file upload_1.txt (compact mmCIF, C-alpha atoms)
# COMPACT_ATOMS: atom_id res chain seq x y z
CA MET A 1 -81.57 -234.98 -36.27
CA ILE A 2 -82.12 -231.69 -38.11
CA ALA A 3 -84.62 -232.08 -40.90
CA ASN A 4 -83.57 -229.55 -43.52
CA ALA A 5 -81.02 -227.02 -42.42
CA ILE A 6 -77.49 -227.41 -43.70
CA VAL A 7 -74.25 -225.82 -42.61
CA GLU A 8 -71.76 -225.63 -45.44
CA THR A 9 -68.16 -224.49 -45.10
CA ASP A 10 -64.65 -225.49 -46.12
CA SER A 11 -63.13 -224.15 -42.91
CA PRO A 12 -65.24 -225.26 -39.93
CA GLU A 13 -62.41 -224.92 -37.37
CA GLU A 14 -61.67 -221.35 -38.37
CA PHE A 15 -65.32 -220.35 -38.10
CA ILE A 16 -65.69 -222.04 -34.71
CA LYS A 17 -62.62 -220.13 -33.51
CA GLU A 18 -63.87 -216.75 -34.74
CA ILE A 19 -67.43 -217.27 -33.46
CA GLU A 20 -66.12 -218.26 -30.04
CA LYS A 21 -63.83 -215.24 -30.06
CA ALA A 22 -66.76 -212.95 -30.86
CA GLN A 23 -68.94 -214.53 -28.17
CA ASN A 24 -66.30 -214.58 -25.47
CA ALA A 25 -65.09 -211.03 -26.02
CA LEU A 26 -67.39 -209.82 -23.28
CA PRO A 27 -68.72 -211.50 -20.17
CA LYS A 28 -72.44 -212.27 -20.30
CA LYS A 29 -72.85 -211.54 -16.61
CA ILE A 30 -71.18 -209.08 -14.30
CA ASN A 31 -69.38 -210.91 -11.56
CA ALA A 32 -70.34 -208.68 -8.63
CA ASN A 33 -69.60 -209.81 -5.10
CA PRO A 34 -68.30 -208.06 -1.97
CA LYS A 35 -64.72 -209.00 -2.81
CA THR A 36 -64.75 -207.68 -6.36
CA VAL A 37 -67.07 -204.70 -6.04
CA GLU A 38 -64.18 -202.19 -6.02
CA LYS A 39 -62.66 -203.68 -9.14
CA GLY A 40 -66.09 -203.82 -10.77
CA LEU A 41 -66.70 -200.14 -10.14
CA ALA A 42 -63.20 -199.25 -11.31
CA LYS A 43 -63.82 -201.23 -14.46
CA LEU A 44 -67.02 -199.34 -15.17
CA VAL A 45 -65.48 -195.93 -14.52
CA LEU A 46 -62.33 -196.68 -16.49
CA THR A 47 -64.40 -197.99 -19.40
CA LEU A 48 -66.20 -194.67 -19.60
CA ILE A 49 -62.94 -192.71 -19.30
CA GLU A 50 -61.46 -194.92 -22.02
CA LEU A 51 -64.43 -194.17 -24.26
CA ILE A 52 -63.94 -190.42 -23.80
CA ARG A 53 -60.18 -190.75 -24.30
CA LYS A 54 -60.70 -192.66 -27.55
CA LEU A 55 -63.20 -190.09 -28.78
CA LEU A 56 -60.74 -187.27 -28.02
CA GLU A 57 -57.99 -189.17 -29.79
CA LYS A 58 -60.14 -189.83 -32.83
CA GLN A 59 -61.18 -186.20 -33.06
CA ALA A 60 -57.52 -185.17 -32.83
CA MET A 61 -56.62 -187.61 -35.62
CA ARG A 62 -59.38 -186.22 -37.80
CA ARG A 63 -57.99 -182.73 -37.31
CA VAL A 64 -54.47 -183.90 -38.07
CA GLU A 65 -55.78 -185.56 -41.21
CA ALA A 66 -57.62 -182.41 -42.25
CA GLY A 67 -54.43 -180.41 -41.64
CA SER A 68 -56.24 -177.99 -39.36
CA LEU A 69 -53.73 -178.16 -36.50
CA SER A 70 -50.65 -175.97 -36.32
CA ASP A 71 -47.28 -177.35 -35.18
CA GLU A 72 -47.80 -175.94 -31.70
CA GLU A 73 -51.28 -177.41 -31.47
CA ILE A 74 -50.01 -180.85 -32.53
CA GLU A 75 -47.36 -180.58 -29.83
CA ARG A 76 -49.95 -179.64 -27.19
CA VAL A 77 -52.53 -182.26 -28.23
CA GLY A 78 -49.81 -184.91 -28.39
CA GLU A 79 -48.63 -184.12 -24.87
CA THR A 80 -52.19 -184.21 -23.49
CA LEU A 81 -53.09 -187.49 -25.16
CA MET A 82 -49.82 -189.06 -24.16
CA LYS A 83 -50.30 -188.08 -20.49
CA LEU A 84 -53.88 -189.33 -20.58
CA GLU A 85 -52.79 -192.67 -22.02
CA ASN A 86 -50.03 -193.05 -19.42
CA LYS A 87 -52.47 -192.25 -16.62
CA MET A 88 -54.90 -194.85 -17.93
CA GLU A 89 -52.12 -197.46 -18.01
CA GLU A 90 -51.30 -196.66 -14.37
CA LEU A 91 -54.94 -196.99 -13.29
CA LYS A 92 -55.40 -200.25 -15.20
CA GLU A 93 -52.35 -201.65 -13.44
CA ILE A 94 -53.58 -200.52 -10.01
CA PHE A 95 -56.93 -202.28 -10.49
CA GLY A 96 -55.47 -205.26 -12.36
CA LEU A 97 -57.48 -204.64 -15.51
CA LYS A 98 -56.54 -205.56 -19.06
CA ASP A 99 -57.42 -203.60 -22.21
CA GLU A 100 -59.94 -206.18 -23.38
CA GLU A 101 -61.81 -205.93 -20.07
CA LEU A 102 -62.60 -202.27 -20.59
CA ASN A 103 -65.75 -202.64 -22.61
CA LEU A 104 -69.48 -202.85 -22.12
CA ASN A 105 -71.99 -204.87 -24.04
CA LEU A 106 -74.90 -202.60 -24.88
CA GLY A 107 -77.12 -205.45 -26.07
CA PRO A 108 -78.65 -204.76 -29.49
CA LEU A 109 -76.51 -201.61 -29.84
CA GLY A 110 -73.34 -203.69 -29.78
CA ASP A 111 -70.21 -203.06 -27.77
CA LEU A 112 -69.32 -199.68 -26.32
CA LEU A 113 -65.70 -199.75 -27.51
CA MET B 1 -96.14 -229.11 -14.49
CA LYS B 2 -93.89 -226.78 -16.48
CA LEU B 3 -94.19 -226.29 -20.20
CA TYR B 4 -91.22 -226.23 -22.56
CA LEU B 5 -91.99 -223.87 -25.44
CA TYR B 6 -90.73 -224.53 -28.98
CA GLY B 7 -92.53 -221.85 -30.90
CA ILE B 8 -95.70 -220.02 -31.78
CA ILE B 9 -97.61 -221.23 -34.84
CA ASP B 10 -100.27 -219.66 -37.04
CA SER B 11 -102.89 -222.25 -36.12
CA SER B 12 -105.05 -223.11 -33.16
CA ASP B 13 -105.63 -226.67 -34.43
CA GLN B 14 -104.01 -229.67 -32.86
CA ILE B 15 -100.89 -231.00 -34.58
CA LYS B 16 -101.88 -234.05 -36.58
CA LYS B 17 -98.41 -235.56 -36.93
CA SER B 18 -96.82 -237.16 -33.86
CA ILE B 19 -93.79 -235.12 -32.92
CA TYR B 20 -91.60 -236.00 -29.97
CA GLY B 21 -89.66 -233.28 -28.26
CA LEU B 22 -87.07 -233.04 -25.53
CA GLU B 23 -87.01 -235.95 -23.11
CA GLY B 24 -89.14 -237.87 -25.61
CA SER B 25 -92.42 -236.31 -24.56
CA GLY B 26 -95.20 -235.58 -27.04
CA VAL B 27 -95.45 -232.12 -28.58
CA TYR B 28 -98.85 -230.43 -28.62
CA ASN B 29 -100.43 -227.11 -29.44
CA VAL B 30 -101.98 -224.83 -26.82
CA PRO B 31 -104.44 -222.69 -28.76
CA PHE B 32 -105.02 -219.01 -28.14
CA CYS B 33 -107.48 -217.29 -30.47
CA ASP B 34 -106.30 -218.19 -33.99
CA ILE B 35 -102.69 -219.00 -33.09
CA GLY B 36 -101.04 -221.56 -30.82
CA ALA B 37 -98.04 -222.23 -28.61
CA VAL B 38 -96.30 -225.53 -29.25
CA VAL B 39 -95.07 -227.15 -26.06
CA THR B 40 -94.11 -230.32 -24.23
CA GLU B 41 -94.59 -230.98 -20.55
CA ILE B 42 -91.44 -231.25 -18.50
CA GLU B 43 -90.80 -232.11 -14.88
CA LYS B 44 -87.81 -229.84 -14.29
CA PRO B 45 -85.82 -227.24 -16.26
CA ILE B 46 -83.30 -228.54 -18.77
CA GLN B 47 -80.02 -227.92 -16.98
CA ASP B 48 -77.48 -229.08 -19.51
CA VAL B 49 -77.01 -227.41 -22.84
CA THR B 50 -76.04 -230.50 -24.80
CA GLU B 51 -75.75 -230.82 -28.54
CA ASP B 52 -78.57 -233.39 -28.50
CA ALA B 53 -80.91 -231.08 -26.62
CA VAL B 54 -80.21 -228.10 -28.90
CA LEU B 55 -80.66 -230.21 -32.02
CA GLY B 56 -83.79 -231.77 -30.51
CA HIS B 57 -85.31 -228.33 -30.04
CA GLU B 58 -84.35 -227.31 -33.57
CA ALA B 59 -85.74 -230.56 -35.03
CA VAL B 60 -89.15 -229.89 -33.50
CA VAL B 61 -89.19 -226.33 -34.87
CA GLU B 62 -88.24 -227.60 -38.30
CA GLU B 63 -90.94 -230.28 -38.20
CA LEU B 64 -93.44 -227.54 -37.44
CA MET B 65 -92.10 -225.42 -40.30
CA ALA B 66 -93.20 -228.09 -42.74
CA ASN B 67 -96.87 -227.42 -42.01
CA PHE B 68 -97.11 -224.04 -40.27
CA THR B 69 -95.60 -220.61 -40.15
CA VAL B 70 -93.47 -220.71 -37.03
CA LEU B 71 -92.23 -218.05 -34.67
CA PRO B 72 -89.25 -219.92 -33.25
CA VAL B 73 -88.55 -219.53 -29.57
CA ARG B 74 -85.13 -219.57 -27.95
CA PHE B 75 -83.80 -222.90 -26.67
CA GLN B 76 -84.59 -223.46 -22.96
CA THR B 77 -87.72 -221.31 -22.85
CA ILE B 78 -89.79 -222.69 -20.00
CA ILE B 79 -93.18 -221.40 -18.93
CA ASP B 80 -94.53 -221.96 -15.44
CA GLY B 81 -97.79 -223.60 -16.52
CA ARG B 82 -100.79 -223.28 -18.79
CA ASP B 83 -102.12 -220.11 -17.14
CA SER B 84 -98.79 -218.31 -17.49
CA LEU B 85 -98.56 -219.43 -21.09
CA LEU B 86 -102.02 -218.11 -21.95
CA SER B 87 -101.29 -214.86 -20.16
CA MET B 88 -98.07 -214.48 -22.19
CA MET B 89 -99.95 -215.28 -25.41
CA GLN B 90 -102.51 -212.67 -24.58
CA SER B 91 -99.89 -210.03 -23.79
CA TYR B 92 -97.94 -210.58 -26.98
CA TYR B 93 -100.77 -211.61 -29.31
CA ARG B 94 -100.44 -208.66 -31.69
CA ASP B 95 -96.66 -209.00 -31.80
CA PHE B 96 -96.95 -212.71 -32.54
CA LYS B 97 -99.54 -212.15 -35.25
CA GLY B 98 -97.43 -209.43 -36.86
CA ASN B 99 -94.34 -211.61 -36.89
CA LEU B 100 -96.21 -214.66 -38.18
CA GLU B 101 -97.55 -212.54 -41.02
CA ARG B 102 -94.03 -211.35 -41.88
CA PHE B 103 -92.64 -214.88 -41.78
CA ARG B 104 -95.31 -216.52 -43.92
CA ASN B 105 -93.54 -218.65 -46.58
CA LYS B 106 -90.14 -217.35 -45.57
CA CYS B 107 -87.04 -218.80 -43.99
CA GLU B 108 -83.69 -217.59 -42.75
CA PHE B 109 -80.22 -218.14 -44.21
CA GLY B 110 -76.97 -217.28 -42.51
CA ILE B 111 -73.76 -216.24 -44.21
CA LYS B 112 -70.45 -215.71 -42.47
CA VAL B 113 -67.28 -214.60 -44.22
CA ILE B 114 -63.71 -214.72 -42.93
CA TRP B 115 -61.05 -212.60 -44.60
CA PRO B 116 -57.28 -212.65 -44.11
CA ALA B 117 -57.18 -209.62 -41.80
CA ASN B 118 -53.42 -209.70 -41.24
CA LYS B 119 -52.66 -209.79 -44.96
CA VAL B 120 -55.15 -206.98 -45.57
CA LYS B 121 -53.45 -204.88 -42.86
CA GLU B 122 -50.00 -205.62 -44.26
CA SER B 123 -51.01 -204.44 -47.72
CA ILE B 124 -52.51 -201.28 -46.22
CA ILE B 125 -49.33 -200.56 -44.25
CA LYS B 126 -47.25 -201.08 -47.40
CA ALA B 127 -49.45 -198.71 -49.39
CA LEU B 128 -49.47 -196.07 -46.65
CA LYS B 129 -45.68 -196.14 -46.31
CA LYS B 130 -45.44 -194.90 -49.86
CA GLY B 131 -47.84 -192.07 -49.04
CA GLU B 132 -47.26 -188.62 -47.62
CA GLN B 133 -45.84 -187.84 -44.20
CA ARG B 134 -47.95 -185.22 -42.46
CA ILE B 135 -46.07 -185.01 -39.20
CA ILE B 136 -42.34 -184.55 -38.95
CA ASP B 137 -40.63 -186.38 -36.09
CA GLY B 138 -39.46 -184.20 -33.28
CA SER B 139 -40.50 -184.07 -29.65
CA PRO B 140 -41.93 -187.12 -27.83
CA SER B 141 -45.44 -185.68 -28.15
CA LYS B 142 -45.07 -185.29 -31.91
CA ARG B 143 -43.73 -188.83 -32.20
CA PHE B 144 -46.72 -190.00 -30.14
CA ILE B 145 -49.18 -188.22 -32.45
CA LYS B 146 -47.38 -189.58 -35.51
CA LYS B 147 -47.64 -193.16 -34.24
CA LYS B 148 -51.30 -192.70 -33.36
CA PHE B 149 -52.02 -191.13 -36.73
CA GLU B 150 -50.45 -194.07 -38.55
CA GLY B 151 -52.65 -196.45 -36.54
CA TYR B 152 -55.69 -194.30 -37.27
CA LYS B 153 -55.01 -194.34 -41.02
CA ILE B 154 -54.51 -198.12 -41.03
CA ASP B 155 -57.76 -198.71 -39.10
CA LYS B 156 -59.67 -196.33 -41.33
CA GLU B 157 -58.42 -198.01 -44.50
CA PHE B 158 -59.12 -201.45 -42.98
CA GLU B 159 -62.74 -200.47 -42.28
CA ALA B 160 -63.09 -198.96 -45.75
CA LYS B 161 -61.87 -202.19 -47.37
CA ALA B 162 -64.27 -204.21 -45.21
CA ASP B 163 -67.15 -201.92 -46.23
CA LYS B 164 -66.25 -202.37 -49.89
CA PHE B 165 -66.23 -206.16 -49.71
CA ILE B 166 -69.43 -206.29 -47.70
CA LYS B 167 -71.23 -203.90 -50.03
CA VAL B 168 -70.52 -206.10 -53.04
CA MET B 169 -71.71 -209.25 -51.28
CA ASP B 170 -74.70 -207.62 -49.68
CA ILE B 171 -75.99 -206.08 -52.91
CA PHE B 172 -75.85 -209.54 -54.43
CA PHE B 173 -77.67 -211.35 -51.62
CA SER B 174 -80.18 -208.57 -50.95
CA LYS B 175 -81.65 -209.13 -54.41
CA PHE B 176 -83.09 -212.39 -53.14
CA ALA B 177 -83.98 -211.41 -49.58
CA VAL B 178 -86.85 -209.47 -48.08
CA GLU B 179 -85.07 -208.53 -44.86
CA LYS B 180 -81.49 -208.73 -43.64
CA LYS B 181 -79.24 -208.12 -40.67
CA THR B 182 -75.53 -207.66 -41.21
CA LYS B 183 -72.70 -207.26 -38.75
CA LYS B 184 -69.30 -206.10 -39.87
CA LEU B 185 -66.00 -207.21 -38.30
CA LYS B 186 -67.28 -208.92 -35.15
CA THR B 187 -63.67 -209.96 -34.85
CA LYS B 188 -60.91 -208.63 -37.08
CA ASN B 189 -61.10 -211.84 -39.17
CA LEU B 190 -64.86 -212.28 -39.20
CA LEU B 191 -65.58 -209.81 -41.98
CA LEU B 192 -69.30 -210.45 -42.27
CA ASP B 193 -71.92 -212.13 -40.13
CA ALA B 194 -75.23 -211.80 -41.91
CA VAL B 195 -78.69 -213.29 -41.84
CA TYR B 196 -81.22 -212.95 -44.64
CA LEU B 197 -84.96 -213.57 -44.62
CA VAL B 198 -85.78 -215.25 -47.91
CA GLU B 199 -89.06 -216.22 -49.52
CA LYS B 200 -89.28 -220.00 -49.72
CA ASP B 201 -89.73 -219.95 -53.50
CA ARG B 202 -86.48 -217.99 -53.84
CA GLU B 203 -84.41 -220.40 -51.76
CA ASN B 204 -82.68 -221.83 -54.80
CA ASP B 205 -81.89 -218.39 -56.23
CA PHE B 206 -80.32 -217.50 -52.91
CA ARG B 207 -78.24 -220.68 -52.88
CA GLU B 208 -77.10 -219.97 -56.45
CA ALA B 209 -76.16 -216.42 -55.48
CA PHE B 210 -73.99 -217.86 -52.72
CA GLY B 211 -72.38 -220.23 -55.23
CA HIS B 212 -71.44 -217.24 -57.42
CA ILE B 213 -70.00 -215.23 -54.55
CA LYS B 214 -68.06 -218.24 -53.29
CA SER B 215 -66.27 -218.59 -56.57
CA GLY B 216 -65.23 -214.93 -56.38
CA PRO B 217 -62.14 -213.35 -54.73
CA LEU B 218 -59.58 -215.80 -53.38
CA GLY B 219 -58.61 -215.71 -49.75
CA LEU B 220 -62.16 -215.40 -48.41
CA LYS B 221 -63.74 -218.26 -46.49
CA TYR B 222 -67.46 -218.79 -46.31
CA LEU B 223 -70.00 -220.45 -44.08
CA PHE B 224 -73.49 -220.84 -45.47
CA SER B 225 -76.35 -222.19 -43.37
CA GLY B 226 -80.06 -222.66 -43.64
CA PRO B 227 -82.92 -222.80 -44.21
CA TRP B 228 -83.55 -221.92 -40.56
CA PRO B 229 -86.68 -220.78 -38.80
CA PRO B 230 -86.37 -216.97 -38.69
CA TYR B 231 -84.81 -216.76 -35.21
CA ASN B 232 -83.04 -213.49 -35.95
CA PHE B 233 -85.99 -211.55 -37.30
CA VAL B 234 -88.50 -211.80 -34.46
CA VAL B 235 -89.46 -208.31 -33.32
CA LEU B 236 -91.29 -207.84 -30.04
CA SER B 237 -92.44 -204.51 -28.68
CA LYS B 238 -91.21 -203.99 -25.15
CA LYS B 239 -94.52 -202.95 -23.67
CA PRO B 240 -97.37 -204.73 -25.41
CA ASP B 241 -100.50 -202.59 -25.10
CA LEU B 242 -102.53 -205.77 -24.73
CA LEU B 243 -101.00 -206.31 -21.33
CA ARG B 244 -102.58 -203.13 -20.07
CA ASP B 245 -105.96 -204.17 -21.54
CA SER B 246 -105.73 -207.65 -20.09
CA GLU B 247 -104.91 -206.43 -16.60
CA GLN B 248 -108.49 -205.33 -16.31
CA ALA B 249 -109.99 -208.48 -17.79
CA ASP B 250 -111.76 -211.03 -15.63
CA LEU B 251 -111.10 -214.76 -15.70
CA PHE B 252 -113.95 -215.43 -18.07
CA GLY B 253 -113.03 -212.72 -20.46
CA GLU B 254 -110.98 -214.82 -22.83
CA VAL B 255 -113.59 -215.35 -25.54
CA THR B 256 -114.45 -211.67 -25.64
CA GLN B 257 -110.79 -210.71 -25.71
CA CYS B 258 -110.03 -213.17 -28.49
CA GLN B 259 -112.77 -211.76 -30.62
CA ALA B 260 -111.49 -208.26 -30.02
CA LEU B 261 -107.96 -209.37 -30.84
CA VAL B 262 -108.82 -211.02 -34.12
CA GLY B 263 -111.08 -208.16 -35.07
CA VAL B 264 -114.44 -209.96 -34.78
CA GLY B 265 -117.26 -207.55 -33.89
CA SER B 266 -117.77 -206.66 -30.25
CA ILE B 267 -120.40 -208.39 -28.16

call {"tool": "encode", "arguments": {"input": "upload_1.txt", "output": "structure tokens"}}
result
Amino acid sequence: MIANAIVETDSPEEFIKEIEKAQNALPKKINANPKTVEKGLAKLVLTLIELIRKLLEKQAMRRVEAGSLSDEEIERVGETLMKLENKMEELKEIFGLKDEELNLNLGPLGDLL
Amino acid sequence: MKLYLYGIIDSSDQIKKSIYGLEGSGVYNVPFCDIGAVVTEIEKPIQDVTEDAVLGHEAVVEELMANFTVLPVRFQTIIDGRDSLLSMMQSYYRDFKGNLERFRNKCEFGIKVIWPANKVKESIIKALKKGEQRIIDGSPSKRFIKKKFEGYKIDKEFEAKADKFIKVMDIFFSKFAVEKKTKKLKTKNLLLDAVYLVEKDRENDFREAFGHIKSGPLGLKYLFSGPWPPYNFVVLSKKPDLLRDSEQADLFGEVTQCQALVGVGSI
């Protein structure tokens, strides 16, 4: 039916799988209804906390890499990040959320996390 | 009667060739100033996204491409009627004209590349194991930081390798393209998802460039597609200034507005 365009690949199944994975990573619509509103809000809040946690973690890793943290500082940062991660795990469990659900599609800007 | 929109073309003339669109109805051009909106009349919205319907839409756009510069419109774009269509054309006229100018004698090609992400990660882990140890095991918090740091180094190296591969490919393809959009690692395996806007007389050069790249490093898988109408390069301003002008126009103002839009002297 198509006049000119061609699609050429040796691995069509693999591409279909990856494209579907990329498209399905995030829901296109927010499923908001009276029964799920609490979970929806928790998801939004936890996504933002997760973003901040990841930024803190990345900054800490950069400082470790640069060698600008003393032994005591590594100890302190490690304890903080560990507690933060544990707390996030607890909250995710309470609201029945999985890691892959904590993300936001920012349209043309891409995904938040 | 609703109108199903296929695209905007750089002509206000009627389409000479008989083209049949979705549901077998005849395709025609609704002129506005010096451009036109190509539509078919439909009774009700197309509910099912079937392969036939999507390919039917694409086939019409490609038929149009043979004779016009086309601003392709997304599948399932339905306008409420002729008045709504003309109002939309008026609001976006400058955007449409700008895009049509950019797309003249050009088409879009898509390139996707899959790489063996797991193998790449394994080789990175192997290489990093031989490297230095910055943090000495000790307390649980130090072990936590050590584990995180290892993950951070792996991810960083993984991204760096992806950048390196993409840079090589992109430099090669960009030589033959006028515009491009690239996305890195949409999934860990989908290394590159790129679209290139290519001049029609460079189509063969672009295809040859792909042939060269394809015969390059082993382990990469490619998907090449095109020539497509330039779906991915349409740029619309969010608030067309024409909308504000048109809000004050009366029903008989179309001729005057058209002349103003195309730059013909004022009356």

call {"tool": "interface_residues", "arguments": {"input": "upload_1.txt", "of": "chain B", "to": "chain A", "cutoff": "8 Å", "atoms": "all atoms listed in the file", "output": "list in words"}}
result
Leu55, Gly56, Glu58, Ala59, Glu62, Glu63, Ile114, Arg134, Ser139, Pro140, Ser141, Lys142, Phe144, Ile145, Lys148, Phe149, Tyr152, Lys186, Thr187, Asn189, Leu190, Lys221, Tyr222, Leu223, Phe224, Ser225, Gly226, Pro227 and Trp228 of chain B

call {"tool": "residues_around", "arguments": {"input": "upload_1.txt", "residues": "Ala53 of chain B", "least_positions_apart": "5", "cutoff": "12 Å", "atoms": "all atoms listed in the file", "output": "NGL selection string"}}
result
(:A and (1-2)) or (:B and (21-24 or 46-48 or 58-60 or 75-76))

call {"tool": "write_last_selection", "arguments": {"input": "upload_1.txt", "atoms": "C-alpha atoms", "output": "PDB file, keeping the file's coordinate frame"}}
result
ATOM      1  CA  MET A   1     -81.570-234.980 -36.270  1.00  0.00           C
ATOM      2  CA  ILE A   2     -82.120-231.690 -38.110  1.00  0.00           C
TER       3      ILE A   2
ATOM      4  CA  GLY B  21     -89.660-233.280 -28.260  1.00  0.00           C
ATOM      5  CA  LEU B  22     -87.070-233.040 -25.530  1.00  0.00           C
ATOM      6  CA  GLU B  23     -87.010-235.950 -23.110  1.00  0.00           C
ATOM      7  CA  GLY B  24     -89.140-237.870 -25.610  1.00  0.00           C
ATOM      8  CA  ILE B  46     -83.300-228.540 -18.770  1.00  0.00           C
ATOM      9  CA  GLN B  47     -80.020-227.920 -16.980  1.00  0.00           C
ATOM     10  CA  ASP B  48     -77.480-229.080 -19.510  1.00  0.00           C
ATOM     11  CA  GLU B  58     -84.350-227.310 -33.570  1.00  0.00           C
ATOM     12  CA  ALA B  59     -85.740-230.560 -35.030  1.00  0.00           C
ATOM     13  CA  VAL B  60     -89.150-229.890 -33.500  1.00  0.00           C
ATOM     14  CA  PHE B  75     -83.800-222.900 -26.670  1.00  0.00           C
ATOM     15  CA  GLN B  76     -84.590-223.460 -22.960  1.00  0.00           C
TER      16      GLN B  76
END

call {"tool": "residues_around", "arguments": {"input": "upload_1.txt", "residues": "segment 85-96 of chain A", "least_positions_apart": "3", "cutoff": "8 Å", "atoms": "only C-alpha atoms", "output": "ChimeraX atom specification"}}
result
/A:39,42,46,50,53,81-82

call {"tool": "residues_around", "arguments": {"input": "upload_1.txt", "residues": "Leu102 of chain A", "least_positions_apart": "2", "cutoff": "6 Å", "atoms": "only C-alpha atoms", "output": "list in words"}}
result
Thr47, Asp99 and Glu100 of chain A

call {"tool": "atom_distance", "arguments": {"input": "upload_1.txt", "atom1": "atom CA of Lys17 of chain B", "atom2": "atom CA of Val30 of chain B"}}
result
15.2 Å

call {"tool": "atom_distance", "arguments": {"input": "upload_1.txt", "atom1": "atom CA of Trp115 of chain B", "atom2": "atom CA of Leu191 of chain B"}}
result
5.9 Å
